[in-house]
file entry_29.cif (mmCIF, C-alpha atoms)
data_entry
loop_
_atom_site.label_atom_id
_atom_site.label_comp_id
_atom_site.auth_asym_id
_atom_site.auth_seq_id
_atom_site.Cartn_x
_atom_site.Cartn_y
_atom_site.Cartn_z
CA MET A 1 -3.80 -25.76 13.57
CA LYS A 2 -0.96 -24.20 15.55
CA LEU A 3 -0.12 -20.65 14.54
CA GLU A 4 3.43 -20.46 13.29
CA VAL A 5 4.21 -17.00 11.98
CA SER A 6 7.54 -16.43 10.32
CA THR A 7 9.52 -13.39 11.34
CA ASP A 8 11.33 -13.28 8.00
CA TYR A 9 9.50 -10.06 7.20
CA LEU A 10 10.87 -7.90 10.01
CA ILE A 11 13.61 -6.46 7.82
CA GLY A 12 12.46 -5.01 4.51
CA ARG A 13 14.24 -5.17 1.21
CA PRO A 14 17.10 -2.70 0.82
CA LYS A 15 16.06 0.53 -0.87
CA LYS A 16 19.09 0.41 -3.20
CA ARG A 17 19.96 -2.50 -5.46
CA LEU A 18 22.82 -4.47 -3.92
CA PRO A 19 25.50 -6.51 -5.69
CA ALA A 20 24.64 -10.21 -5.82
CA TYR A 21 27.07 -11.22 -3.07
CA ARG A 22 25.83 -8.41 -0.79
CA TYR A 23 22.21 -9.32 -1.47
CA ARG A 24 22.83 -12.98 -0.55
CA ARG A 25 24.52 -11.91 2.68
CA TRP A 26 21.69 -9.49 3.43
CA GLU A 27 19.09 -12.23 2.79
CA GLU A 28 20.86 -14.69 5.08
CA GLU A 29 21.20 -12.12 7.83
CA ARG A 30 17.62 -10.98 7.42
CA ARG A 31 16.36 -14.48 8.09
CA ARG A 32 18.79 -15.11 10.93
CA SER A 33 18.30 -11.83 12.78
CA SER A 34 14.54 -12.01 12.42
CA CYS A 35 14.51 -15.15 14.53
CA LEU A 36 15.90 -13.16 17.47
CA ILE A 37 12.73 -11.13 17.82
CA SER A 38 10.23 -12.16 20.45
CA CYS A 39 7.40 -14.12 18.83
CA ARG A 40 5.05 -12.45 21.26
CA LEU A 41 5.66 -9.07 19.66
CA MET A 42 5.87 -10.46 16.13
CA GLY A 43 7.94 -7.80 14.44
CA LEU A 44 7.51 -4.93 16.89
CA PRO A 45 10.90 -4.48 18.58
CA LYS A 46 10.64 -3.78 22.30
CA PHE A 47 12.84 -0.70 21.94
CA THR A 48 12.77 2.00 19.31
CA ARG A 49 14.35 5.27 18.23
CA PRO A 50 14.33 8.00 20.90
CA LYS A 51 12.52 11.25 20.18
CA GLY A 52 13.85 14.62 21.24
CA HIS A 53 17.38 15.43 22.32
CA ASP A 54 17.45 14.43 25.98
CA ASP A 55 18.90 10.94 26.08
CA GLU A 56 18.28 9.01 29.26
CA LEU A 57 20.96 6.54 30.33
CA CYS A 58 19.81 2.95 29.77
CA CYS A 59 21.07 -0.49 28.69
CA ASN A 60 19.84 -0.27 25.11
CA LEU A 61 21.35 1.57 22.16
CA TYR A 62 19.69 2.62 18.93
CA VAL A 63 22.41 2.26 16.25
CA ALA A 64 21.89 3.70 12.77
CA ASN A 65 23.96 2.91 9.64
CA CYS A 66 24.39 -0.59 11.00
CA GLY A 67 22.77 -3.87 10.00
CA PRO A 68 22.46 -6.59 7.34
CA ALA A 69 21.26 -4.18 4.62
CA VAL A 70 24.60 -2.31 4.78
CA GLY A 71 26.66 -5.50 4.79
CA LEU A 72 27.17 -5.98 8.55
CA THR A 73 26.32 -9.35 10.02
CA ILE A 74 24.68 -9.80 13.41
CA ASP A 75 27.77 -11.67 14.60
CA SER A 76 30.12 -8.86 13.58
CA ILE A 77 27.93 -6.24 15.28
CA THR A 78 27.77 -8.34 18.44
CA SER A 79 31.54 -8.82 18.42
CA ALA A 80 32.26 -5.10 17.96
CA PHE A 81 29.97 -4.03 20.79
CA SER A 82 31.09 -6.87 23.08
CA LYS A 83 34.35 -5.00 23.69
CA PHE A 84 32.42 -2.70 26.02
CA GLY A 85 30.50 -5.34 27.96
CA THR A 86 28.39 -8.45 27.57
CA VAL A 87 25.83 -7.96 24.81
CA LYS A 88 22.38 -9.30 25.64
CA GLY A 89 21.22 -9.20 22.04
CA VAL A 90 21.20 -7.36 18.71
CA TYR A 91 17.76 -6.78 17.20
CA PRO A 92 16.34 -5.06 14.09
CA ALA A 93 15.12 -1.56 15.00
CA ASP A 94 12.76 -1.39 12.00
CA GLU A 95 12.19 -2.89 8.55
CA SER A 96 15.11 -1.11 6.86
CA GLY A 97 17.82 -3.58 7.83
CA SER A 98 20.20 -0.64 8.40
CA ARG A 99 19.31 0.17 12.01
CA VAL A 100 19.59 -2.10 15.04
CA ILE A 101 19.05 -2.15 18.78
CA VAL A 102 22.11 -3.27 20.77
CA SER A 103 21.06 -4.39 24.23
CA TYR A 104 23.48 -4.74 27.17
CA TYR A 105 22.94 -6.15 30.63
CA ASP A 106 24.13 -2.95 32.33
CA GLU A 107 24.03 0.79 31.68
CA ASN A 108 27.80 1.35 32.05
CA SER A 109 28.54 -0.91 29.08
CA ALA A 110 26.02 0.94 26.93
CA GLN A 111 27.47 4.30 28.01
CA SER A 112 31.03 3.20 27.17
CA ALA A 113 29.99 1.95 23.73
CA LEU A 114 28.10 5.15 22.93
CA LYS A 115 31.03 7.38 23.91
CA ALA A 116 33.54 5.32 21.95
CA LEU A 117 31.58 4.62 18.76
CA ASP A 118 29.04 7.40 18.20
CA ARG A 119 29.86 9.29 14.97
CA CYS A 120 33.28 7.66 14.82
CA PRO A 121 34.63 5.12 12.31
CA CYS A 122 34.45 1.65 13.83
CA PRO A 123 37.48 -0.40 12.73
CA ASP A 124 35.75 -3.67 13.67
CA LEU A 125 32.89 -2.85 11.31
CA GLY A 126 34.89 -1.92 8.22
CA GLY A 127 35.43 1.67 9.31
CA ARG A 128 31.74 2.46 9.12
CA SER A 129 30.60 5.53 11.08
CA LEU A 130 27.73 4.72 13.42
CA HIS A 131 25.08 7.06 14.77
CA ILE A 132 24.10 5.99 18.27
CA ARG A 133 21.49 7.12 20.79
CA TYR A 134 20.07 5.56 23.89
CA SER A 135 16.95 3.67 22.96
CA VAL A 136 13.56 3.97 24.58
CA GLN A 137 10.93 1.34 25.26
CA ARG A 138 8.18 1.20 22.69
CA PRO A 139 4.71 1.85 24.11
CA GLN A 140 2.63 -1.30 24.23
CA LEU A 141 0.53 -1.68 21.12
CA GLN A 142 -3.18 -1.23 21.66
CA ILE A 143 -5.59 -3.15 19.46
CA VAL A 144 -8.97 -1.47 19.14
CA ALA A 145 -11.49 -4.08 20.19
CA SER A 146 -14.37 -2.54 18.26
CA ASP A 147 -12.43 -2.90 15.01
CA SER A 148 -11.34 -6.47 15.60
CA VAL A 149 -12.87 -9.71 14.45
CA GLU A 150 -11.81 -13.24 15.37
CA VAL A 151 -9.20 -14.37 12.84
CA CYS A 152 -9.32 -17.91 11.52
CA LEU A 153 -6.29 -19.96 10.53
CA GLU A 154 -8.16 -22.40 8.30
CA ALA A 155 -10.85 -21.71 5.69
CA SER A 156 -13.13 -24.30 7.27
CA GLU A 157 -13.36 -22.11 10.37
CA LEU A 158 -14.87 -19.26 8.33
CA ASN A 159 -18.09 -21.19 7.72
CA ILE A 160 -18.44 -19.53 4.31
CA PRO A 161 -19.27 -21.97 1.49
CA GLY A 162 -16.85 -21.84 -1.41
CA ILE A 163 -13.75 -20.46 0.34
CA TYR A 164 -10.66 -22.68 0.56
CA LEU A 165 -7.06 -22.08 1.63
CA ILE A 166 -3.96 -24.18 0.97
CA HIS A 167 -0.82 -23.34 2.95
CA ASP A 168 2.65 -23.52 1.34
CA PHE A 169 1.13 -23.77 -2.12
CA VAL A 170 4.52 -22.79 -3.54
CA SER A 171 7.96 -23.35 -2.05
CA ALA A 172 10.25 -20.64 -0.70
CA GLN A 173 12.44 -21.03 -3.78
CA GLU A 174 9.45 -20.67 -6.10
CA GLU A 175 8.38 -17.59 -4.16
CA GLU A 176 11.77 -15.93 -4.74
CA GLN A 177 11.66 -16.82 -8.44
CA LEU A 178 8.14 -15.44 -8.85
CA LEU A 179 9.02 -12.17 -7.12
CA ALA A 180 12.18 -11.80 -9.20
CA ALA A 181 10.16 -12.39 -12.37
CA VAL A 182 7.60 -9.66 -11.70
CA ASP A 183 10.23 -7.23 -10.40
CA ALA A 184 12.04 -7.61 -13.73
CA ARG A 185 8.90 -6.41 -15.54
CA PRO A 186 7.31 -2.95 -15.60
CA TRP A 187 4.80 -2.02 -12.90
CA HIS A 188 1.80 0.27 -13.36
CA SER A 189 1.31 2.61 -10.41
CA LEU A 190 -2.12 3.19 -8.90
CA ALA A 191 -2.89 5.55 -6.01
CA LYS A 192 -1.44 3.35 -3.27
CA ARG A 193 -0.17 0.20 -4.93
CA ARG A 194 1.42 -1.14 -8.11
CA VAL A 195 -0.07 -3.68 -10.52
CA GLN A 196 0.72 -5.83 -13.53
CA HIS A 197 -1.87 -7.43 -15.84
CA TYR A 198 -1.50 -10.53 -18.00
CA GLY A 199 -3.97 -12.18 -20.36
CA TYR A 200 -6.47 -9.34 -20.11
CA GLU A 201 -6.21 -5.94 -18.44
CA PHE A 202 -8.65 -5.20 -15.65
CA CYS A 203 -10.03 -1.65 -16.07
CA TYR A 204 -10.49 -0.16 -12.62
CA ASP A 205 -12.61 2.75 -13.84
CA ILE A 206 -15.36 0.39 -15.07
CA ARG A 207 -14.41 -2.59 -12.86
CA ASN A 208 -14.43 -4.88 -15.87
CA VAL A 209 -12.28 -6.20 -18.71
CA ASN A 210 -12.27 -5.50 -22.41
CA THR A 211 -12.66 -9.00 -23.81
CA GLN A 212 -11.79 -7.69 -27.28
CA HIS A 213 -8.32 -6.65 -26.13
CA ARG A 214 -6.27 -9.70 -25.24
CA LEU A 215 -2.74 -9.14 -24.00
CA GLY A 216 -1.55 -12.65 -24.79
CA ASN A 217 -1.03 -15.89 -22.91
CA LEU A 218 -0.20 -15.99 -19.23
CA PRO A 219 3.57 -15.70 -18.70
CA SER A 220 5.62 -18.87 -18.45
CA PHE A 221 6.96 -17.94 -15.00
CA VAL A 222 3.55 -18.82 -13.49
CA ASP A 223 3.57 -22.37 -14.90
CA CYS A 224 4.68 -23.65 -11.48
CA ILE A 225 1.42 -22.24 -10.08
CA LEU A 226 -0.95 -23.27 -12.84
CA GLU A 227 0.20 -26.88 -12.79
CA LYS A 228 -0.81 -27.11 -9.13
CA ILE A 229 -4.21 -25.41 -9.46
CA PRO A 230 -6.07 -28.69 -10.25
CA VAL A 231 -5.47 -29.82 -6.65
CA PHE A 232 -8.40 -27.57 -5.71
CA LYS A 233 -10.71 -29.94 -7.59
CA LYS A 234 -10.33 -32.25 -4.59
CA LEU A 235 -11.80 -29.50 -2.38
CA ASP A 236 -14.37 -28.12 -4.82
CA GLU A 237 -15.41 -30.26 -7.77
CA ALA A 238 -16.88 -27.20 -9.49
CA ALA A 239 -13.64 -25.23 -9.27
CA ASP A 240 -12.58 -23.82 -12.64
CA VAL A 241 -8.93 -24.62 -13.34
CA SER A 242 -8.78 -23.14 -16.87
CA LEU A 243 -7.57 -19.58 -16.21
CA ASP A 244 -6.68 -16.81 -18.65
CA GLN A 245 -6.27 -13.61 -16.62
CA LEU A 246 -3.69 -12.64 -14.00
CA THR A 247 -3.38 -9.48 -11.93
CA VAL A 248 -0.28 -9.00 -9.81
CA ASN A 249 -0.68 -6.50 -6.97
CA GLU A 250 2.08 -5.08 -4.79
CA TYR A 251 0.85 -3.67 -1.48
CA PRO A 252 3.26 -1.56 0.61
CA MET A 253 3.08 -1.91 4.38
CA GLY A 254 -0.18 -0.50 5.74
CA VAL A 255 -1.99 -0.52 2.39
CA GLY A 256 -5.04 -2.73 2.09
CA LEU A 257 -7.93 -3.31 -0.28
CA SER A 258 -11.38 -1.74 -0.12
CA PRO A 259 -14.42 -4.02 0.38
CA HIS A 260 -15.75 -5.37 -2.91
CA ILE A 261 -17.14 -8.34 -4.78
CA ASP A 262 -15.32 -9.06 -8.02
CA THR A 263 -17.63 -8.04 -10.85
CA HIS A 264 -19.85 -10.99 -11.76
CA SER A 265 -20.00 -10.13 -15.47
CA ALA A 266 -16.20 -9.83 -15.69
CA PHE A 267 -15.10 -13.19 -14.35
CA GLU A 268 -16.29 -16.75 -13.94
CA GLY A 269 -16.90 -18.38 -10.59
CA SER A 270 -13.38 -19.32 -9.38
CA ILE A 271 -10.88 -16.71 -8.20
CA TYR A 272 -7.46 -17.76 -6.92
CA SER A 273 -5.15 -15.49 -4.93
CA LEU A 274 -1.57 -16.40 -4.05
CA SER A 275 0.10 -14.36 -1.27
CA LEU A 276 3.85 -13.74 -1.48
CA SER A 277 6.52 -11.83 0.45
CA GLY A 278 4.36 -10.78 3.41
CA PRO A 279 1.34 -11.83 5.47
CA CYS A 280 -2.03 -10.14 5.84
CA ILE A 281 -5.54 -10.57 7.15
CA MET A 282 -8.41 -10.85 4.69
CA GLU A 283 -11.87 -10.03 5.98
CA PHE A 284 -15.26 -10.90 4.55
CA ARG A 285 -18.63 -9.18 4.86
CA GLY A 286 -21.88 -10.91 4.08
CA SER A 287 -25.18 -9.01 4.12
CA ASP A 288 -28.05 -10.79 5.84
CA ASP A 289 -30.72 -9.15 3.70
CA GLY A 290 -28.86 -8.84 0.41
CA ASP A 291 -28.98 -5.03 0.43
CA ARG A 292 -25.55 -3.89 -0.71
CA ASP A 293 -26.13 -0.44 0.80
CA LYS A 294 -26.41 -1.80 4.32
CA GLU A 295 -23.35 -4.03 4.69
CA ARG A 296 -21.89 -1.95 7.50
CA SER A 297 -24.95 -2.03 9.72
CA ASN A 298 -26.29 -5.51 8.93
CA SER A 299 -23.22 -7.48 7.99
CA ARG A 300 -21.70 -10.72 9.12
CA ARG A 301 -17.94 -10.48 9.42
CA ARG A 302 -15.28 -13.14 9.10
CA ALA A 303 -11.49 -12.97 8.84
CA ILE A 304 -8.68 -15.32 7.88
CA TYR A 305 -4.91 -15.10 8.16
CA LEU A 306 -3.10 -15.41 4.81
CA PRO A 307 0.54 -16.40 5.36
CA PRO A 308 3.11 -16.02 2.59
CA ARG A 309 3.00 -18.73 -0.08
CA SER A 310 -0.63 -19.62 0.67
CA MET A 311 -3.29 -19.88 -2.06
CA LEU A 312 -6.88 -18.78 -1.46
CA LEU A 313 -9.82 -19.88 -3.61
CA LEU A 314 -13.05 -17.88 -3.71
CA SER A 315 -15.92 -19.77 -5.35
CA GLY A 316 -19.66 -20.19 -5.03
CA GLU A 317 -21.26 -18.12 -2.28
CA GLY A 318 -17.89 -16.89 -1.03
CA ARG A 319 -17.08 -15.45 -4.45
CA TYR A 320 -20.51 -14.16 -5.49
CA ALA A 321 -22.18 -12.98 -2.25
CA TRP A 322 -19.46 -11.97 0.21
CA GLN A 323 -17.37 -8.84 -0.01
CA HIS A 324 -13.68 -9.42 0.64
CA TYR A 325 -11.14 -6.81 1.66
CA ILE A 326 -7.80 -6.25 3.38
CA PRO A 327 -7.87 -3.74 6.28
CA HIS A 328 -5.44 -0.84 5.97
CA HIS A 329 -3.31 -1.88 8.93
CA LYS A 330 0.41 -2.09 9.65
CA VAL A 331 -0.21 -4.73 12.30
CA ASP A 332 -2.79 -7.49 12.63
CA LYS A 333 -3.90 -9.52 15.61
CA VAL A 334 -4.15 -13.26 15.06
CA LYS A 335 -5.38 -15.19 18.08
CA ASP A 336 -3.16 -13.79 20.87
CA THR A 337 -0.33 -12.75 18.58
CA VAL A 338 0.34 -9.30 17.12
CA ILE A 339 1.81 -9.59 13.62
CA ARG A 340 3.55 -6.76 11.82
CA ARG A 341 3.01 -6.79 8.09
CA GLY A 342 6.00 -7.03 5.79
CA SER A 343 7.50 -4.11 3.90
CA ARG A 344 5.41 -5.31 0.99
CA ARG A 345 2.96 -8.04 0.08
CA VAL A 346 2.59 -9.28 -3.50
CA SER A 347 -0.51 -11.15 -4.63
CA PHE A 348 -1.04 -13.16 -7.82
CA THR A 349 -4.78 -13.26 -8.59
CA PHE A 350 -5.89 -15.69 -11.29
CA ARG A 351 -9.32 -15.59 -12.94
CA LYS A 352 -11.16 -16.73 -16.06
CA VAL A 353 -12.72 -13.95 -18.11
CA ARG A 354 -16.44 -14.39 -18.66
CA LYS A 355 -17.59 -14.26 -22.28
CA GLY A 356 -21.33 -13.96 -21.62
CA PRO A 357 -23.73 -12.70 -18.92
CA CYS A 358 -23.52 -14.16 -15.43
CA GLN A 359 -26.35 -16.48 -14.47
CA CYS A 360 -25.39 -17.15 -10.85
CA ASP A 361 -27.83 -17.83 -8.00
CA TYR A 362 -27.02 -14.52 -6.27
CA SER A 363 -28.97 -12.05 -8.37
CA GLN A 364 -29.07 -9.39 -5.62
CA PHE A 365 -25.28 -9.00 -6.01
CA CYS A 366 -25.07 -9.63 -9.76
CA ASP A 367 -24.57 -6.79 -12.24
CA SER A 368 -25.74 -9.06 -15.10
CA GLN A 369 -29.10 -9.68 -13.43
CA SER A 370 -29.76 -6.35 -11.73
#

call {"tool": "encode", "arguments": {"input": "entry_29.cif", "output": "structure tokens"}}
result
Amino acid sequence: MKLEVSTDYLIGRPKKRLPAYRYRRWEEERRRSSCLISCRLMGLPKFTRPKGHDDELCCNLYVANCGPAVGLTIDSITSAFSKFGTVKGVYPADESGSRVIVSYYDENSAQSALKALDRCPCPDLGGRSLHIRYSVQRPQLQIVASDSVEVCLEASELNIPGIYLIHDFVSAQEEEQLLAAVDARPWHSLAKRRVQHYGYEFCYDIRNVNTQHRLGNLPSFVDCILEKIPVFKKLDEAADVSLDQLTVNEYPMGVGLSPHIDTHSAFEGSIYSLSLSGPCIMEFRGSDDGDRDKERSNSRRRAIYLPPRSMLLLSGEGRYAWQHYIPHHKVDKVKDTVIRRGSRRVSFTFRKVRKGPCQCDYSQFCDSQS
């Protein structure tokens, strides 16, 4: 499979709620401007904000209070800065959507633009005052080899029985609707992420559920997901498609998930996880000798890239005997590509609550049989 990584996630959602017409414009510009970034850097702009006070003359300008998130289109920014020379490109400076890099072909053009527009209302940009500095080249990102593991694009490459991945499980429109639905409901804040529970609440202190306390049916906004779940029966005949528990997790950029195996006594053998809004890498650790205290020294490691809108199924050995986790990274390396994570990633994890003790074939990892 050819790696095709969207750059839609280079500009994060605006921190303040925008009017509907401004949000639509921001969304269109976010997608358009993201495509201008080099796929080789995958979300890491070549130039960034200068540090210190000594600006060195160059062809690139760091422009704050300017970008799609504040209602300025890439075309309008390009047009305004083109009065001072030929603009090579306008690129997002970070995930905010309110700061850009304007790149010229020559230093004189950049100097003229800075002198004319810095801290002055720009009539071509609605009178907005811009804050401009010369930009500096970002140091090349170094990936620590000792912490890396080959990342697979397909579940079959993992060579772990019971793990399956379907790309584009939901459409882009369904993704937007699902995100809007959960954002309209209250979140519960944990130490580093936010969660919502439906069906049954997962108690993190005991890593289990209270089967006597049912929250109700799964919400209707996930019907578009549940109706597609049976397709996994074609991949795994034993896959359970009758699900009654949903946990929605929101992970900010850089926040991952600690290594764990979902409690055997809490849930049945099929766990589904839908990734929305941003990509990530999920890694797996399998102990050769079954000793859970020695995973770090005697573990087998695997990793898979989870693009937005993909659905992962953990079943059988992959669910019961392999730890899964998300490294706490802001960037991931997939094949020869460095991918910056989105401003947030939202996962919908579906399970079926177990009503009796687990009787799986992996007793060394099973809390019911230990």

call {"tool": "residues_around", "arguments": {"input": "entry_29.cif", "residues": "stretch 256-268 of chain A", "least_positions_apart": "5", "cutoff": "10 Å", "atoms": "all atoms listed in the file", "output": "number ranges by chain"}}
result
A: 192-193, 202, 206-211, 240, 243, 245, 251, 280-285, 295, 315, 318-330, 345, 351-360, 362-363, 365-369

call {"tool": "closest_residue", "arguments": {"input": "entry_29.cif", "among": "A:Thr349, A:Ser220, A:Asn60, A:Ser270", "to": "A:Ala113", "atoms": "only C-alpha atoms"}}
result
A:Asn60

call {"tool": "closest_residue", "arguments": {"input": "entry_29.cif", "among": "A:Leu314, A:Ile101, A:Ile304, A:Ile339", "to": "A:Val151", "atoms": "only C-alpha atoms"}}
result
A:Ile304

call {"tool": "resolve_selection", "arguments": {"input": "entry_29.cif", "expression": "the PyMOL selection byres ((chain A and resi 158) around 12)", "output": "PyMOL selection string"}}
result
chain A and resi 149-157+159-165+282-286+300-305+318+322

call {"tool": "closest_residue", "arguments": {"input": "entry_29.cif", "among": "A:Gly316, A:Pro219, A:Pro230, A:Gly126", "to": "A:Ser76", "atoms": "only C-alpha atoms"}}
result
A:Gly126

call {"tool": "atom_distance", "arguments": {"input": "entry_29.cif", "atom1": "atom CA of A:Glu56", "atom2": "atom CA of A:Ile77"}}
result
22.8 Å
